[in-house]
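What's in protein.txt: compact mmCIF, C-alpha atoms
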# COMPACT_ATOMS: atom_id res chain seq x y z
CA MET A 1 0.00 0.00 0.00
CA TRP A 2 1.23 3.48 -0.80
CA THR A 3 -0.09 6.97 -0.26
CA TYR A 4 0.92 10.03 -2.25
CA GLU A 5 2.28 13.25 -0.76
CA LYS A 6 1.66 16.08 -3.17
CA ARG A 7 5.13 17.68 -3.29
CA LEU A 8 8.63 16.86 -4.55
CA GLN A 9 11.25 15.58 -2.11
CA PHE A 10 13.59 18.38 -3.27
CA PRO A 11 12.57 21.44 -5.33
CA VAL A 12 12.87 21.47 -9.14
CA ARG A 13 12.70 24.98 -10.54
CA ILE A 14 14.03 25.23 -14.10
CA SER A 15 13.44 28.29 -16.27
CA LYS A 16 15.36 27.55 -19.47
CA THR A 17 14.06 25.12 -22.11
CA CYS A 18 16.84 22.70 -23.11
CA PRO A 19 15.89 19.46 -24.91
CA LYS A 20 19.57 18.47 -25.12
CA THR A 21 19.90 18.39 -21.33
CA ALA A 22 16.55 16.55 -21.09
CA SER A 23 17.81 13.85 -23.46
CA LEU A 24 20.77 13.24 -21.11
CA VAL A 25 18.92 13.41 -17.77
CA ILE A 26 16.31 10.92 -19.08
CA SER A 27 18.82 8.13 -18.45
CA GLN A 28 18.14 8.51 -14.73
CA PHE A 29 14.45 7.85 -15.49
CA GLY A 30 14.60 4.81 -17.77
CA GLY A 31 18.30 4.09 -18.25
CA PRO A 32 20.36 1.14 -17.00
CA ASP A 33 21.17 2.76 -13.63
CA GLY A 34 18.12 5.01 -13.39
CA GLU A 35 15.58 5.56 -10.64
CA LEU A 36 12.89 3.31 -12.19
CA ALA A 37 15.29 0.35 -12.23
CA ALA A 38 16.40 1.20 -8.67
CA SER A 39 12.86 1.28 -7.32
CA MET A 40 11.78 -1.93 -9.09
CA ARG A 41 14.97 -3.69 -7.99
CA TYR A 42 14.45 -3.03 -4.26
CA LEU A 43 10.68 -3.44 -4.27
CA SER A 44 11.06 -6.81 -6.06
CA GLN A 45 13.85 -8.14 -3.87
CA ARG A 46 12.15 -7.44 -0.53
CA TYR A 47 9.60 -10.29 -0.52
CA THR A 48 12.08 -13.11 -0.06
CA MET A 49 14.59 -11.22 2.11
CA PRO A 50 14.98 -13.43 5.20
CA CYS A 51 15.49 -10.59 7.67
CA LYS A 52 12.41 -8.40 8.08
CA GLU A 53 14.45 -5.28 9.00
CA ILE A 54 16.18 -5.52 5.62
CA GLY A 55 12.83 -6.10 3.90
CA GLY A 56 11.79 -2.85 5.58
CA LEU A 57 14.93 -1.02 4.42
CA LEU A 58 14.32 -2.20 0.84
CA THR A 59 10.73 -0.93 1.09
CA ASP A 60 11.81 2.49 2.39
CA ILE A 61 14.65 2.97 -0.11
CA GLY A 62 12.49 1.60 -2.96
CA THR A 63 9.84 4.15 -1.99
CA GLU A 64 12.37 7.01 -1.88
CA GLU A 65 13.52 5.99 -5.38
CA LEU A 66 9.95 6.58 -6.60
CA ALA A 67 10.21 10.12 -5.23
CA HIS A 68 13.54 10.47 -7.10
CA LEU A 69 11.92 9.20 -10.29
CA GLU A 70 9.31 11.93 -9.82
CA MET A 71 12.05 14.58 -9.47
CA ILE A 72 13.89 13.35 -12.59
CA CYS A 73 10.61 13.43 -14.54
CA ALA A 74 9.92 16.97 -13.23
CA ILE A 75 13.38 18.05 -14.50
CA ILE A 76 12.73 16.58 -17.97
CA TYR A 77 9.18 17.99 -18.03
CA GLN A 78 10.34 21.52 -17.17
CA LEU A 79 13.22 21.35 -19.68
CA THR A 80 10.83 20.46 -22.52
CA LYS A 81 7.39 21.86 -21.70
CA ASP A 82 7.84 24.95 -23.91
CA LEU A 83 9.68 23.03 -26.62
CA THR A 84 9.31 24.11 -30.25
CA PRO A 85 9.76 21.62 -33.13
CA GLU A 86 12.75 23.73 -34.28
CA GLN A 87 14.46 23.37 -30.90
CA ALA A 88 13.77 19.62 -30.95
CA LYS A 89 15.46 19.38 -34.34
CA ALA A 90 18.44 21.57 -33.49
CA ASP A 91 19.10 19.83 -30.18
CA GLY A 92 18.84 16.21 -31.32
CA PHE A 93 15.52 15.70 -29.49
CA ASP A 94 13.55 15.16 -32.72
CA ALA A 95 13.64 11.35 -32.70
CA TYR A 96 12.16 11.28 -29.19
CA TYR A 97 9.68 14.03 -30.12
CA ILE A 98 8.30 12.01 -33.04
CA ASP A 99 7.30 9.12 -30.78
CA HIS A 100 6.47 10.87 -27.49
CA THR A 101 5.99 14.61 -28.25
CA SER A 102 7.09 16.13 -24.93
CA ALA A 103 5.58 13.39 -22.74
CA LEU A 104 7.64 11.30 -20.31
CA TRP A 105 8.69 7.83 -21.45
CA PRO A 106 11.36 5.72 -19.72
CA ALA A 107 14.46 5.34 -21.89
CA ALA A 108 18.24 5.64 -21.63
CA ALA A 109 20.20 8.67 -22.90
CA ALA A 110 21.13 6.70 -26.03
CA GLY A 111 17.43 6.00 -26.74
CA VAL A 112 17.30 2.38 -25.52
CA PRO A 113 13.89 1.71 -23.90
CA PHE A 114 13.68 0.80 -20.21
CA ASN A 115 14.43 -2.87 -19.77
CA ALA A 116 13.91 -5.02 -16.65
CA CYS A 117 17.15 -6.85 -17.59
CA GLU A 118 18.98 -3.85 -16.11
CA LEU A 119 18.04 -5.03 -12.62
CA GLN A 120 18.29 -8.30 -10.80
CA SER A 121 16.27 -10.00 -8.10
CA LYS A 122 18.27 -13.15 -7.51
CA GLY A 123 16.76 -14.62 -4.37
CA ASP A 124 20.00 -14.77 -2.37
CA ALA A 125 20.44 -12.09 0.32
CA ILE A 126 24.22 -11.68 -0.14
CA THR A 127 23.91 -11.56 -3.93
CA ASP A 128 21.01 -9.11 -3.89
CA LEU A 129 22.54 -6.72 -1.36
CA THR A 130 25.83 -6.76 -3.27
CA GLU A 131 23.84 -5.92 -6.41
CA ASP A 132 22.19 -3.05 -4.51
CA LEU A 133 25.56 -1.66 -3.39
CA ALA A 134 26.79 -1.75 -7.00
CA ALA A 135 23.53 -0.17 -8.23
CA GLU A 136 23.95 2.82 -5.92
CA GLN A 137 27.53 3.35 -7.12
CA LYS A 138 26.52 3.03 -10.80
CA ALA A 139 23.78 5.62 -10.25
CA ARG A 140 26.29 7.86 -8.44
CA THR A 141 28.71 7.66 -11.39
CA THR A 142 25.87 8.51 -13.79
CA TYR A 143 25.03 11.59 -11.68
CA ASP A 144 28.74 12.53 -11.64
CA ASN A 145 28.79 12.31 -15.45
CA LEU A 146 25.66 14.46 -15.73
CA LEU A 147 27.11 17.03 -13.30
CA ARG A 148 30.23 17.27 -15.50
CA VAL A 149 28.44 18.00 -18.78
CA ILE A 150 25.49 20.15 -17.62
CA ASP A 151 25.96 23.87 -16.89
CA ASP A 152 22.51 25.14 -15.88
CA PRO A 153 22.58 25.65 -12.05
CA ASP A 154 18.79 25.11 -11.92
CA VAL A 155 19.37 21.54 -13.17
CA LEU A 156 22.57 20.93 -11.21
CA ALA A 157 21.01 21.60 -7.77
CA PRO A 158 18.47 18.72 -7.82
CA LEU A 159 21.00 16.41 -9.55
CA GLN A 160 23.52 17.05 -6.79
CA PHE A 161 20.88 16.27 -4.16
CA LEU A 162 20.07 12.98 -5.94
CA ARG A 163 23.75 12.08 -6.17
CA GLN A 164 24.12 12.53 -2.41
CA ARG A 165 21.19 10.19 -1.77
CA GLU A 166 22.98 7.42 -3.73
CA VAL A 167 25.87 7.70 -1.27
CA VAL A 168 23.52 7.48 1.74
CA HIS A 169 21.70 4.45 0.30
CA PHE A 170 25.05 2.76 -0.36
CA GLN A 171 25.93 3.26 3.32
CA ARG A 172 22.62 1.79 4.51
CA PHE A 173 22.89 -1.24 2.18
CA GLY A 174 26.41 -1.83 3.50
CA GLU A 175 25.04 -1.96 7.04
CA ALA A 176 22.28 -4.34 5.87
CA LEU A 177 24.86 -6.68 4.31
CA GLU A 178 26.84 -6.74 7.57
CA LYS A 179 23.65 -7.54 9.47
CA ILE A 180 22.90 -10.52 7.22
CA LYS A 181 26.46 -11.79 7.58
CA ASN A 182 26.15 -11.67 11.38
CA SER A 183 23.30 -14.17 11.19
CA LEU A 184 25.31 -16.57 8.99
CA ASP A 185 28.11 -19.05 9.61
CA ALA A 186 31.23 -16.85 9.90
CA LYS A 187 33.39 -19.75 8.64
CA ASN A 188 31.54 -19.86 5.34
CA PHE A 189 29.00 -17.19 4.40
CA TYR A 190 28.19 -19.15 1.25
CA TYR A 191 27.44 -22.50 2.91
CA TYR A 192 23.75 -22.08 2.10
CA ASN A 193 21.36 -19.53 0.57
CA PRO A 194 19.79 -17.57 3.46
CA GLU A 195 16.70 -16.80 1.35
CA PHE A 196 16.07 -20.38 0.29
CA ASP A 197 17.55 -22.80 2.83
CA LYS A 198 15.41 -21.45 5.66
CA GLN A 199 16.20 -24.26 8.07
CA PHE A 200 19.72 -22.85 8.57
CA VAL A 201 18.78 -19.25 9.35
CA LYS A 202 19.32 -18.33 13.01
CA ALA A 203 17.38 -15.09 13.30
CA MET M 1 4.24 31.87 9.12
CA SER M 2 2.08 33.80 6.76
CA ASP M 3 2.68 32.64 3.23
CA ARG M 4 2.57 29.36 1.33
CA ASN M 5 6.29 29.40 0.47
CA THR M 6 7.48 29.73 4.07
CA TRP M 7 5.22 26.84 5.03
CA MET M 8 6.35 24.61 2.15
CA LYS M 9 10.01 25.20 3.02
CA GLU M 10 9.38 24.03 6.60
CA ILE M 11 7.45 20.98 5.37
CA ALA M 12 10.15 20.06 2.83
CA GLU M 13 13.01 20.43 5.34
CA THR M 14 11.24 18.54 8.13
CA GLY M 15 10.08 15.88 5.67
CA PHE M 16 13.56 15.30 4.31
CA PHE M 17 15.11 15.15 7.77
CA LEU M 18 12.64 12.37 8.61
CA ASP M 19 13.25 10.57 5.26
CA ASP M 20 16.95 10.38 6.05
CA LEU M 21 16.55 9.49 9.73
CA LYS M 22 14.06 6.74 8.79
CA LEU M 23 16.71 4.91 6.76
CA TYR M 24 19.23 5.30 9.59
CA LEU M 25 16.72 3.80 12.04
CA ASP M 26 16.07 0.89 9.66
CA THR M 27 19.66 -0.25 10.31
CA HIS M 28 20.01 1.19 13.87
CA PRO M 29 16.57 0.42 15.38
CA LEU M 30 17.79 0.62 19.00
CA ASP M 31 19.42 4.07 18.88
CA GLN M 32 17.46 5.87 21.62
CA ASP M 33 18.67 9.37 20.70
CA ALA M 34 17.63 8.84 17.08
CA LEU M 35 14.24 7.46 18.18
CA ASN M 36 13.61 10.52 20.38
CA THR M 37 14.62 12.87 17.56
CA PHE M 38 12.38 11.01 15.13
CA ALA M 39 9.40 11.31 17.50
CA GLU M 40 10.01 15.04 17.95
CA TYR M 41 10.22 15.82 14.23
CA ALA M 42 7.41 13.44 13.26
CA LYS M 43 5.15 15.42 15.60
CA LYS M 44 6.34 18.69 14.04
CA ARG M 45 5.62 17.31 10.55
CA ARG M 46 2.09 16.24 11.49
CA THR M 47 1.36 19.71 12.85
CA LEU M 48 2.80 21.43 9.75
CA LEU M 49 0.77 19.23 7.37
CA LYS M 50 -2.42 19.85 9.35
CA GLU M 51 -1.88 23.63 9.43
CA TYR M 52 -0.97 23.76 5.74
CA ALA M 53 -4.16 21.89 4.84
CA GLU M 54 -6.22 24.31 6.93
CA HIS M 55 -4.70 27.38 5.24
CA PHE M 56 -4.18 26.15 1.67
CA GLU M 57 -4.87 22.59 0.50
CA PRO M 58 -4.13 19.03 1.65
CA LEU M 59 -0.78 17.45 0.69
CA THR M 60 -1.80 13.92 1.68
CA CYS M 61 -5.11 12.07 1.64
CA ASP M 62 -5.15 12.12 5.45
CA CYS M 63 -5.10 15.92 5.49
CA ILE M 64 -8.25 16.42 3.41
CA CYS M 65 -10.54 18.59 5.53
CA PRO M 66 -13.17 20.31 3.34
CA GLU M 67 -14.95 21.78 6.34
CA ASN M 68 -11.84 23.65 7.54
CA ASN M 69 -10.73 25.32 4.35
CA GLY M 70 -11.31 28.98 5.16
CA SER M 71 -10.62 30.19 1.62
CA ALA M 72 -13.46 28.13 0.14
CA ALA M 73 -16.85 29.76 -0.28
CA GLN M 74 -18.49 26.42 0.39
CA LYS M 75 -17.52 22.90 1.38
CA HIS M 76 -15.80 21.28 -1.61
CA TRP M 77 -13.29 18.63 -2.67
CA THR M 78 -9.87 20.15 -1.91
CA TRP M 79 -7.55 17.27 -2.91
CA CYS M 80 -6.97 18.61 -6.44
CA GLY M 81 -6.28 22.20 -5.33
CA GLY M 82 -2.93 23.99 -5.19
CA PRO M 83 0.13 23.69 -7.44
CA ILE M 84 0.90 20.40 -9.19
CA PRO M 85 4.26 19.15 -7.82
CA TRP M 86 6.13 18.91 -11.14
CA ASP M 87 5.29 22.47 -12.19
CA ARG M 88 8.03 25.02 -11.65
CA GLU M 89 5.70 27.17 -9.51
CA ALA M 90 5.32 24.36 -6.97
CA SER M 91 9.02 24.78 -6.10
CA ASP M 92 8.88 28.58 -5.85
CA TRP M 93 9.47 28.27 -2.12
CA ALA M 94 13.09 27.38 -2.94
CA ALA M 95 13.76 30.58 -4.91
CA ALA M 96 15.39 32.40 -2.00
CA ALA M 97 16.97 29.29 -0.58
CA ALA M 98 18.82 27.98 -3.66
CA PRO M 99 22.20 26.55 -2.67
CA ASN M 100 25.35 28.05 -4.12
CA PHE M 101 26.29 25.28 -6.47
CA VAL M 102 29.99 24.92 -7.20
CA LYS M 103 30.45 22.89 -10.36
CA GLY M 104 32.77 19.95 -9.92
CA GLY M 105 32.91 20.38 -6.16
CA GLN M 106 30.91 17.48 -4.84
Would you kindly transcribe this structure into C-alpha cells?
Amino acid sequence: MWTYEKRLQFPVRISKTCPKTASLVISQFGGPDGELAASMRYLSQRYTMPCKEIGGLLTDIGTEELAHLEMICAIIYQLTKDLTPEQAKADGFDAYYIDHTSALWPAAAAGVPFNACELQSKGDAITDLTEDLAAEQKARTTYDNLLRVIDDPDVLAPLQFLRQREVVHFQRFGEALEKIKNSLDAKNFYYYNPEFDKQFVKA
Amino acid sequence: MSDRNTWMKEIAETGFFLDDLKLYLDTHPLDQDALNTFAEYAKKRRTLLKEYAEHFEPLTCDCICPENNGSAAQKHWTWCGGPIPWDREASDWAAAAAPNFVKGGQ
C-alpha cells in the first residue's frame, strides 16, 4: 500500500528550455542505472529477504527511489514543456519528439527503452545486497557524469541532491549486508542460501 | 508563518530530515537518541501538514478537511487544489533558498 504526498522531495525549478539536457537526464528515469530500475529492484527483492528489518529497508529505499523518479521526470518535463519543433530538431531531441511529443517515457540517454534486464532479483540475500551496493555506485557515477556536462545551475542543484542520496543508500545497504552476515556461519557465508535454505537461518 | 512558500520550506526540510533518519533507524533500530529525535520531528511534521491543509490545501489524503478550508466559499473537494508538484511554480518556495552550487565540487 502506498499513499501520495503532493510535493517533490527536493525542489525542481528550471526556467530555461533545453531538450539536449533533457535527453541526457532521461537516463536517470529509464536508463540502465536510473531511478525506475532502482525502485523496481528493491521493491522486487524485498519479498524473499529473510530478515524483516532488511525487507523494511528495501521498502523504504524503494519508496524514496519513486520520489527520485518523480524529481527526474519533473526536470525533464520543465526542460521540454515549452519546446518548439525547431528546438527539438536543433538539439537532437527530434527522434524522441516524433514518438512521445514532450511526454515522459522511460528510456536511456542513447534511446534504448527501459528494460527489466537492467536489474536483478536473484533470491539470495548476499547476492542481492551486493547488487544493490553496485547499483547505488553506478547511479552515483551517472550523476557525476551528468554534473560534469550540464551547466545550468537550476538543473545541477536537484541532480547534486540525488547524487548525495545514492551515497547514503550505499551506506545503509552496506550496514544491511553486515547484518545478514552476522546471522550466517562466519566460517563460510556461502554455505547455504539464506533466502532459500530457511532451516539454517538463526534469526 | 504567513505565506505558502514559508510553510512549504518548513514541510520540505522537516520531511527530508525524517526521510533520512528513517533509513538510519532501519539499520540502527535501537538508537534511543535517534528514536527521540524522530518522535520530535514526526510530531512537528504532522502539525505542519495539518496547518498547511487548513490554510491552503491538503498534501496527503489524510489531510483532506473540506470543512476547515477557510478560503473556500463552500464545502468542496480540496484534494486537487494547489500547485501540481512537477510544475516550476510548486518549487517557488526554494527561490530564495537555492544553494550556491559549485560545479565539480561534490
Pick from A:Pro194, A:Pro11, A:Gly111, A:Pro85, whichever lies nearest to A:Ile26 using all atoms listed in the file: A:Gly111
Could you give me, as JSON lines, every chain M residue with an atom at most 12 Å from chain A, plus its closest atom pair and distance in Å to one decimal, counting all atoms listed in the file, rows ordered by chain then number?
{"residue": "M:Asn5", "atom": "CA", "partner": "A:Pro11", "partner_atom": "CA", "distance": 11.7}
{"residue": "M:Met8", "atom": "CA", "partner": "A:Arg7", "partner_atom": "CA", "distance": 8.9}
{"residue": "M:Lys9", "atom": "CA", "partner": "A:Pro11", "partner_atom": "CA", "distance": 9.5}
{"residue": "M:Ile11", "atom": "CA", "partner": "A:Arg7", "partner_atom": "CA", "distance": 9.6}
{"residue": "M:Ala12", "atom": "CA", "partner": "A:Gln9", "partner_atom": "CA", "distance": 6.8}
{"residue": "M:Glu13", "atom": "CA", "partner": "A:Phe10", "partner_atom": "CA", "distance": 8.9}
{"residue": "M:Thr14", "atom": "CA", "partner": "A:Gln9", "partner_atom": "CA", "distance": 10.7}
{"residue": "M:Gly15", "atom": "CA", "partner": "A:Gln9", "partner_atom": "CA", "distance": 7.9}
{"residue": "M:Phe16", "atom": "CA", "partner": "A:Gln9", "partner_atom": "CA", "distance": 6.8}
{"residue": "M:Phe17", "atom": "CA", "partner": "A:Gln9", "partner_atom": "CA", "distance": 10.6}
{"residue": "M:Leu18", "atom": "CA", "partner": "A:Gln9", "partner_atom": "CA", "distance": 11.3}
{"residue": "M:Asp19", "atom": "CA", "partner": "A:Glu64", "partner_atom": "CA", "distance": 8.0}
{"residue": "M:Asp20", "atom": "CA", "partner": "A:Val168", "partner_atom": "CA", "distance": 8.4}
{"residue": "M:Leu21", "atom": "CA", "partner": "A:Val168", "partner_atom": "CA", "distance": 10.8}
{"residue": "M:Lys22", "atom": "CA", "partner": "A:Asp60", "partner_atom": "CA", "distance": 8.0}
{"residue": "M:Leu23", "atom": "CA", "partner": "A:Leu57", "partner_atom": "CA", "distance": 6.6}
{"residue": "M:Tyr24", "atom": "CA", "partner": "A:Arg172", "partner_atom": "CA", "distance": 7.0}
{"residue": "M:Leu25", "atom": "CA", "partner": "A:Leu57", "partner_atom": "CA", "distance": 9.2}
{"residue": "M:Asp26", "atom": "CA", "partner": "A:Leu57", "partner_atom": "CA", "distance": 5.7}
{"residue": "M:Thr27", "atom": "CA", "partner": "A:Glu175", "partner_atom": "CA", "distance": 6.5}
{"residue": "M:His28", "atom": "CA", "partner": "A:Glu175", "partner_atom": "CA", "distance": 9.0}
{"residue": "M:Pro29", "atom": "CA", "partner": "A:Glu53", "partner_atom": "CA", "distance": 8.8}
{"residue": "M:Leu49", "atom": "CA", "partner": "A:Glu5", "partner_atom": "CA", "distance": 10.2}
{"residue": "M:Ala53", "atom": "CA", "partner": "A:Lys6", "partner_atom": "CA", "distance": 11.5}
{"residue": "M:Glu57", "atom": "CA", "partner": "A:Lys6", "partner_atom": "CA", "distance": 9.9}
{"residue": "M:Pro58", "atom": "CA", "partner": "A:Lys6", "partner_atom": "CA", "distance": 8.1}
{"residue": "M:Leu59", "atom": "CA", "partner": "A:Lys6", "partner_atom": "CA", "distance": 4.8}
{"residue": "M:Thr60", "atom": "CA", "partner": "A:Glu5", "partner_atom": "CA", "distance": 4.8}
{"residue": "M:Cys61", "atom": "CA", "partner": "A:Thr3", "partner_atom": "CA", "distance": 7.4}
{"residue": "M:Asp62", "atom": "CA", "partner": "A:Thr3", "partner_atom": "CA", "distance": 9.2}
{"residue": "M:Cys63", "atom": "CA", "partner": "A:Glu5", "partner_atom": "CA", "distance": 10.0}
{"residue": "M:Ile64", "atom": "CA", "partner": "A:Glu5", "partner_atom": "CA", "distance": 11.8}
{"residue": "M:Trp79", "atom": "CA", "partner": "A:Lys6", "partner_atom": "CA", "distance": 9.3}
{"residue": "M:Cys80", "atom": "CA", "partner": "A:Lys6", "partner_atom": "CA", "distance": 9.6}
{"residue": "M:Gly81", "atom": "CA", "partner": "A:Lys6", "partner_atom": "CA", "distance": 10.3}
{"residue": "M:Gly82", "atom": "CA", "partner": "A:Lys6", "partner_atom": "CA", "distance": 9.4}
{"residue": "M:Pro83", "atom": "CA", "partner": "A:Arg7", "partner_atom": "CA", "distance": 8.9}
{"residue": "M:Ile84", "atom": "CA", "partner": "A:Lys6", "partner_atom": "CA", "distance": 7.4}
{"residue": "M:Pro85", "atom": "CA", "partner": "A:Arg7", "partner_atom": "CA", "distance": 4.8}
{"residue": "M:Trp86", "atom": "CA", "partner": "A:Ala74", "partner_atom": "CA", "distance": 4.7}
{"residue": "M:Asp87", "atom": "CA", "partner": "A:Gln78", "partner_atom": "CA", "distance": 7.2}
{"residue": "M:Arg88", "atom": "CA", "partner": "A:Arg13", "partner_atom": "CA", "distance": 4.8}
{"residue": "M:Glu89", "atom": "CA", "partner": "A:Arg13", "partner_atom": "CA", "distance": 7.4}
{"residue": "M:Ala90", "atom": "CA", "partner": "A:Arg7", "partner_atom": "CA", "distance": 7.6}
{"residue": "M:Ser91", "atom": "CA", "partner": "A:Pro11", "partner_atom": "CA", "distance": 4.9}
{"residue": "M:Asp92", "atom": "CA", "partner": "A:Arg13", "partner_atom": "CA", "distance": 7.0}
{"residue": "M:Trp93", "atom": "CA", "partner": "A:Pro11", "partner_atom": "CA", "distance": 8.2}
{"residue": "M:Ala94", "atom": "CA", "partner": "A:Pro11", "partner_atom": "CA", "distance": 6.4}
{"residue": "M:Ala95", "atom": "CA", "partner": "A:Arg13", "partner_atom": "CA", "distance": 8.0}
{"residue": "M:Ala96", "atom": "CA", "partner": "A:Arg13", "partner_atom": "CA", "distance": 11.6}
{"residue": "M:Ala97", "atom": "CA", "partner": "A:Pro11", "partner_atom": "CA", "distance": 10.2}
{"residue": "M:Ala98", "atom": "CA", "partner": "A:Ala157", "partner_atom": "CA", "distance": 7.9}
{"residue": "M:Pro99", "atom": "CA", "partner": "A:Ala157", "partner_atom": "CA", "distance": 7.2}
{"residue": "M:Asn100", "atom": "CA", "partner": "A:Ala157", "partner_atom": "CA", "distance": 8.6}
{"residue": "M:Phe101", "atom": "CA", "partner": "A:Ala157", "partner_atom": "CA", "distance": 6.6}
{"residue": "M:Val102", "atom": "CA", "partner": "A:Pro153", "partner_atom": "CA", "distance": 8.9}
{"residue": "M:Lys103", "atom": "CA", "partner": "A:Leu147", "partner_atom": "CA", "distance": 7.4}
{"residue": "M:Gly104", "atom": "CA", "partner": "A:Arg148", "partner_atom": "CA", "distance": 6.7}
{"residue": "M:Gly105", "atom": "CA", "partner": "A:Leu147", "partner_atom": "CA", "distance": 9.8}
{"residue": "M:Gln106", "atom": "CA", "partner": "A:Gln160", "partner_atom": "CA", "distance": 7.7}
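Separating atom CA of A:Ala103 from atom CA of A:Gly62 is a distance of 24.0 Å.
Each of A:Asp99, A:Glu35, A:Glu195, A:Glu65 was compared to A:Lys122 using all atoms listed in the file, and A:Glu195 turns out to be the nearest.
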Atom-to-atom span, atom CA of A:Glu131 and atom CA of A:Arg41, Å: 9.3 Å
Edge lengths and centre in Å to one decimal, as AutoDock Vina command-line options, is what I'm after for the box along x, y and z that holds all listed atoms of stretch 73-77 of chain A once 8 Å is added on each side.
--center_x 11.3 --center_y 15.7 --center_z -15.6 --size_x 20.2 --size_y 20.6 --size_z 20.8
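Closest approach to M:Tyr52 from the set M:Gln74, M:Thr6, M:Gln32, M:Thr37 is made by M:Thr6, with distances taken over all atoms listed in the file.
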Length of the atom CA of A:Trp2 to atom CA of A:Leu36 vector [Å]: 16.3 Å
M:Pro66, M:Asp31, M:Glu10, M:Trp77 ranked by distance to M:Arg46, top pick (using only C-alpha atoms): M:Glu10
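In this comparison, which uses all atoms listed in the file, the residue of A:Thr17, A:Asn115, A:Gln199, A:Asn188 approaching A:Leu83 most closely is A:Thr17.
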Mind checking which residues fall within 10 Å of A:Ala125, counting only C-alpha atoms, ignoring those fewer than 4 positions away in the same chain, and posting them as a JSON list (two decimals) with C-alpha atoms, in the frame of the given file?
[["chain", "number", "residue", "atom", "x", "y", "z"],
["A", 45, "GLN", "CA", 13.85, -8.14, -3.87],
["A", 46, "ARG", "CA", 12.15, -7.44, -0.53],
["A", 48, "THR", "CA", 12.08, -13.11, -0.06],
["A", 49, "MET", "CA", 14.59, -11.22, 2.11],
["A", 50, "PRO", "CA", 14.98, -13.43, 5.20],
["A", 51, "CYS", "CA", 15.49, -10.59, 7.67],
["A", 54, "ILE", "CA", 16.18, -5.52, 5.62],
["A", 121, "SER", "CA", 16.27, -10.00, -8.10],
["A", 129, "LEU", "CA", 22.54, -6.72, -1.36],
["A", 130, "THR", "CA", 25.83, -6.76, -3.27],
["A", 131, "GLU", "CA", 23.84, -5.92, -6.41],
["A", 176, "ALA", "CA", 22.28, -4.34, 5.87],
["A", 177, "LEU", "CA", 24.86, -6.68, 4.31],
["A", 180, "ILE", "CA", 22.90, -10.52, 7.22],
["A", 181, "LYS", "CA", 26.46, -11.79, 7.58],
["A", 193, "ASN", "CA", 21.36, -19.53, 0.57],
["A", 194, "PRO", "CA", 19.79, -17.57, 3.46],
["A", 195, "GLU", "CA", 16.70, -16.80, 1.35],
["A", 196, "PHE", "CA", 16.07, -20.38, 0.29]]
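Residue nearest M:Arg4 within the list M:Arg45, M:His55, M:Lys50, M:Leu35: M:His55 [criterion: smallest interatomic distance, all atoms listed in the file].
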